[in-house]
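Below: one structure, written as structure tokens.
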Amino acid sequence: MEILNYSFFQNALLGSILCSVLCGLMGTYIVSRRLVFISGGLTHASLGGIGLGVFLGCNPLLSAMLFAVGSACGVQWMTHGGRVREDSAIAIFWTLGMSIGIIFSFLTPGFVTDLNSYLFGSILTVGATELWLLTAVTAVVVIFFLSYMRTIICIAFDPVFARSQRLPVAVIEYLMMVLIAMTIVATLRMVGIVLAISLLTIPQTTATLFTHRFQRMITLSILFGCVGCVIGLAVSYWLNIPSGAAIIFVSIMIYILLKTIKTIVDKFNKK
């Protein structure tokens, strides 16, 4: 418990809680709306912003957020009205971001060795800047969900019906894509580009074992996310392994354990 006295571990704990709240909200929408593939594309596209930011000498997280938001709007614009197939548009921005990121990473002397912290995350090195960014994005998402919860639920489960009720479906979809991009970038230093999509899907998938109601899924996703982050953080410290990988591994183990228990209980109840 002495580790709790260190500021870097306190930052990691605070970051993991904020990350769980943020991903619990956005991940529930992503899973319900079946946008997991889009989220994966935006996650990898953000590498282009990181490479550009480092090459130009500006904050790589801010440039990654601008690049990810631009990619999100681009995917939404290209697929709106059936102009381009959704998977094709995602592949375009996915590969564009990755190629730009790799090119500018190699053009920047000395940055290639630091690329691993963005690819795989390092929550124990999270500083004040990353925490403020994560706090700001979390606050924006919480306020947005509280203000438009009913509309978000309607669009998440049945966008066709939402259009028939004259709800601002297109506007909400664009805003949600922007918030997804911001969420992904805000969590990059926690688990990295490779694993960021896991925090947006695994706790939510675990939550669906117990409920399919949107609000309850959010609550359970936040709970499972917090448990996975805290235990994974402790495991990474004790075993001296990458924190992002440890968090995701623990989250998957939680899902497997609860899935197994639920299956056994269901079979016992049928008997």
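Following the order of the structure tokens, first chain is A, next is B, and so on, with residues numbered from 1 inside each chain and ligands from 1 in the order they appear.
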Contacts of stretch 48-51 of chain A within 8 Å, only C-alpha atoms, excl. fewer than 5 positions in-chain, as a ChimeraX atom specification: /A:60-61,63-68,96-105
Close residues, A:Thr125 itself excluded, 12 Å, only C-alpha atoms, min 6 positions apart in chain, as a list in words: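 So the residues in contact are Tyr6, Ser7, Phe8, Phe9, Gln10, Asn11, Ala12, Leu13, Gly15, Ser117, Tyr118, Leu131, Leu188, Arg189, Met190, Val191, Pro242, Ser243 and Gly244 of chain A.
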How close does each residue of stretch 208-239 of chain A get to stretch 27-38 of chain A, giving the shortest atom pair and distance in Å to one decimal for every residue with an atom at most 8 Å away, counting only C-alpha atoms, sorted by chain and residue number, as CSV?
```
residue,atom,partner,partner_atom,distance
A:Phe214,CA,A:Thr28,CA,7.2
A:Met217,CA,A:Thr28,CA,6.6
A:Ile218,CA,A:Thr28,CA,6.0
A:Ser221,CA,A:Thr28,CA,7.5
```
Best match for closeness to A:Gly228 among A:Arg163, A:Leu56, A:Gly40, A:Ser16, counting only C-alpha atoms: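 Nearest to A:Gly228: A:Ser16.
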Closest of A:Tyr174, A:Phe268, A:Phe224, A:Trp94 to A:Ala207 - atom-to-atom distances counting only C-alpha atoms: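 Answer, going by the shortest atom-to-atom distance: A:Phe224.
In this model, the gap between atom CA of A:Ile92 and atom CA of A:Leu179 comes to 20.3 Å.
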Who sits within 9 Å of A:Cys23, only C-alpha atoms, same chain under 5 positions skipped, as a PyMOL selection string: chain A and resi 18+28+138+183-184+187+199-201+203-204+221-222+225
Separation of atom CA of A:Phe144 from atom CA of A:Gly24, in Å and rounded to one decimal: 13.9 Å
Atom CA of A:Asn5 to atom CA of A:Ile123, distance in Å rounded to a single decimal: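 Atom CA of A:Ile123 lies 16.4 Å from atom CA of A:Asn5.
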Long-range neighbours of A:Ala246 as an NGL selection string, 9 Å cut-off, only C-alpha atoms, 5 positions minimum in chain: :A and (228-229 or 231-236 or 241 or 251)
Residues near A:Ile152, cut-off 12 Å, only C-alpha atoms, skip fewer than 2 positions along chain, as a PyMOL selection string: chain A and resi 25-26+28-30+32-33+141+144-150+154-159+162+167-176+214-215
Emit the selected residues as a tab-separated table (two decimals), in the first residue's frame, including N, CA and C atoms.
```tsv
chain	number	residue	atom	x	y	z
A	25	LEU	N	-19.42	5.32	-20.83
A	25	LEU	CA	-20.45	6.05	-21.55
A	25	LEU	C	-20.35	5.84	-23.05
A	26	MET	N	-19.18	6.15	-23.61
A	26	MET	CA	-19.03	6.09	-25.06
A	26	MET	C	-19.04	4.65	-25.56
A	28	THR	N	-20.71	2.12	-24.39
A	28	THR	CA	-22.06	1.59	-24.43
A	28	THR	C	-22.76	2.00	-25.73
A	29	TYR	N	-22.55	3.24	-26.14
A	29	TYR	CA	-23.12	3.69	-27.43
A	29	TYR	C	-22.48	2.93	-28.59
A	30	ILE	N	-21.17	2.74	-28.54
A	30	ILE	CA	-20.46	2.06	-29.62
A	30	ILE	C	-20.95	0.62	-29.78
A	32	SER	N	-23.82	-0.70	-28.63
A	32	SER	CA	-25.25	-0.72	-28.99
A	32	SER	C	-25.46	-0.34	-30.45
A	33	ARG	N	-24.65	0.60	-30.93
A	33	ARG	CA	-24.79	1.09	-32.30
A	33	ARG	C	-23.98	0.26	-33.30
A	141	VAL	N	-18.43	14.73	-22.28
A	141	VAL	CA	-19.24	13.55	-22.60
A	141	VAL	C	-20.36	13.37	-21.58
A	144	PHE	N	-23.05	15.95	-22.21
A	144	PHE	CA	-23.77	15.65	-23.45
A	144	PHE	C	-24.75	14.50	-23.25
A	145	PHE	N	-24.33	13.45	-22.56
A	145	PHE	CA	-25.21	12.31	-22.32
A	145	PHE	C	-26.38	12.69	-21.42
A	146	LEU	N	-26.12	13.48	-20.40
A	146	LEU	CA	-27.20	13.91	-19.51
A	146	LEU	C	-28.21	14.78	-20.25
A	147	SER	N	-27.75	15.54	-21.21
A	147	SER	CA	-28.62	16.47	-21.94
A	147	SER	C	-29.44	15.76	-23.02
A	148	TYR	N	-28.86	14.72	-23.65
A	148	TYR	CA	-29.52	14.10	-24.80
A	148	TYR	C	-29.64	12.58	-24.64
A	149	MET	N	-29.82	12.10	-23.43
A	149	MET	CA	-29.84	10.67	-23.18
A	149	MET	C	-30.92	9.96	-23.99
A	150	ARG	N	-32.16	10.46	-23.96
A	150	ARG	CA	-33.25	9.80	-24.67
A	150	ARG	C	-32.99	9.74	-26.18
A	154	CYS	N	-32.38	6.32	-28.49
A	154	CYS	CA	-33.22	6.07	-29.66
A	154	CYS	C	-32.38	5.85	-30.90
A	155	ILE	N	-31.37	6.68	-31.10
A	155	ILE	CA	-30.50	6.56	-32.27
A	155	ILE	C	-29.64	5.31	-32.18
A	156	ALA	N	-29.20	4.96	-30.98
A	156	ALA	CA	-28.33	3.80	-30.80
A	156	ALA	C	-29.03	2.50	-31.18
A	157	PHE	N	-30.32	2.39	-30.88
A	157	PHE	CA	-31.04	1.14	-31.11
A	157	PHE	C	-31.86	1.14	-32.40
A	158	ASP	N	-32.33	2.30	-32.83
A	158	ASP	CA	-33.18	2.32	-34.03
A	158	ASP	C	-33.12	3.70	-34.69
A	159	PRO	N	-32.06	3.97	-35.47
A	159	PRO	CA	-31.94	5.28	-36.11
A	159	PRO	C	-33.03	5.57	-37.13
A	162	ALA	N	-35.86	6.85	-35.23
A	162	ALA	CA	-35.51	8.19	-34.75
A	162	ALA	C	-35.73	9.23	-35.85
A	167	LEU	N	-36.14	13.40	-35.16
A	167	LEU	CA	-35.04	13.70	-34.25
A	167	LEU	C	-33.81	14.08	-35.07
A	168	PRO	N	-32.93	14.91	-34.53
A	168	PRO	CA	-31.73	15.35	-35.28
A	168	PRO	C	-30.69	14.24	-35.37
A	169	VAL	N	-31.02	13.19	-36.10
A	169	VAL	CA	-30.16	12.00	-36.17
A	169	VAL	C	-28.79	12.34	-36.75
A	170	ALA	N	-28.75	13.04	-37.87
A	170	ALA	CA	-27.48	13.35	-38.53
A	170	ALA	C	-26.57	14.17	-37.62
A	171	VAL	N	-27.13	15.16	-36.95
A	171	VAL	CA	-26.34	16.02	-36.06
A	171	VAL	C	-25.78	15.21	-34.90
A	172	ILE	N	-26.63	14.40	-34.28
A	172	ILE	CA	-26.19	13.59	-33.14
A	172	ILE	C	-25.13	12.58	-33.57
A	173	GLU	N	-25.31	11.98	-34.75
A	173	GLU	CA	-24.33	11.01	-35.23
A	173	GLU	C	-22.97	11.67	-35.45
A	174	TYR	N	-22.96	12.86	-36.04
A	174	TYR	CA	-21.69	13.57	-36.21
A	174	TYR	C	-21.05	13.90	-34.87
A	175	LEU	N	-21.87	14.39	-33.93
A	175	LEU	CA	-21.34	14.74	-32.62
A	175	LEU	C	-20.82	13.52	-31.88
A	176	MET	N	-21.51	12.40	-31.99
A	176	MET	CA	-21.05	11.18	-31.34
A	176	MET	C	-19.76	10.67	-31.95
A	214	PHE	N	-29.97	0.42	-21.61
A	214	PHE	CA	-28.86	1.32	-21.92
A	214	PHE	C	-28.25	1.90	-20.64
A	215	GLN	N	-29.09	2.46	-19.76
A	215	GLN	CA	-28.56	3.10	-18.56
A	215	GLN	C	-27.86	2.11	-17.64
```
Filtered DSSP result for stretch 41-228 of chain A, state alpha helix (DSSP H), as JSON, numbers by chain: {"A": [41, 42, 43, 44, 45, 46, 47, 48, 49, 50, 51, 52, 53, 54, 55, 56, 60, 61, 62, 63, 64, 65, 66, 67, 68, 69, 70, 71, 72, 73, 74, 75, 76, 77, 78, 79, 86, 87, 88, 89, 90, 91, 92, 93, 94, 95, 96, 97, 98, 99, 100, 101, 102, 103, 104, 105, 106, 107, 115, 116, 117, 118, 119, 120, 128, 129, 130, 131, 132, 133, 134, 135, 136, 137, 138, 139, 140, 141, 142, 143, 144, 145, 146, 147, 148, 149, 150, 151, 152, 153, 154, 155, 156, 157, 159, 160, 161, 162, 163, 164, 169, 170, 171, 172, 173, 174, 175, 176, 177, 178, 179, 180, 181, 182, 183, 184, 185, 186, 188, 189, 190, 191, 192, 193, 194, 195, 196, 197, 198, 199, 202, 203, 204, 205, 206, 207, 214, 215, 216, 217, 218, 219, 220, 221, 222, 223, 224, 225, 226, 227, 228]}
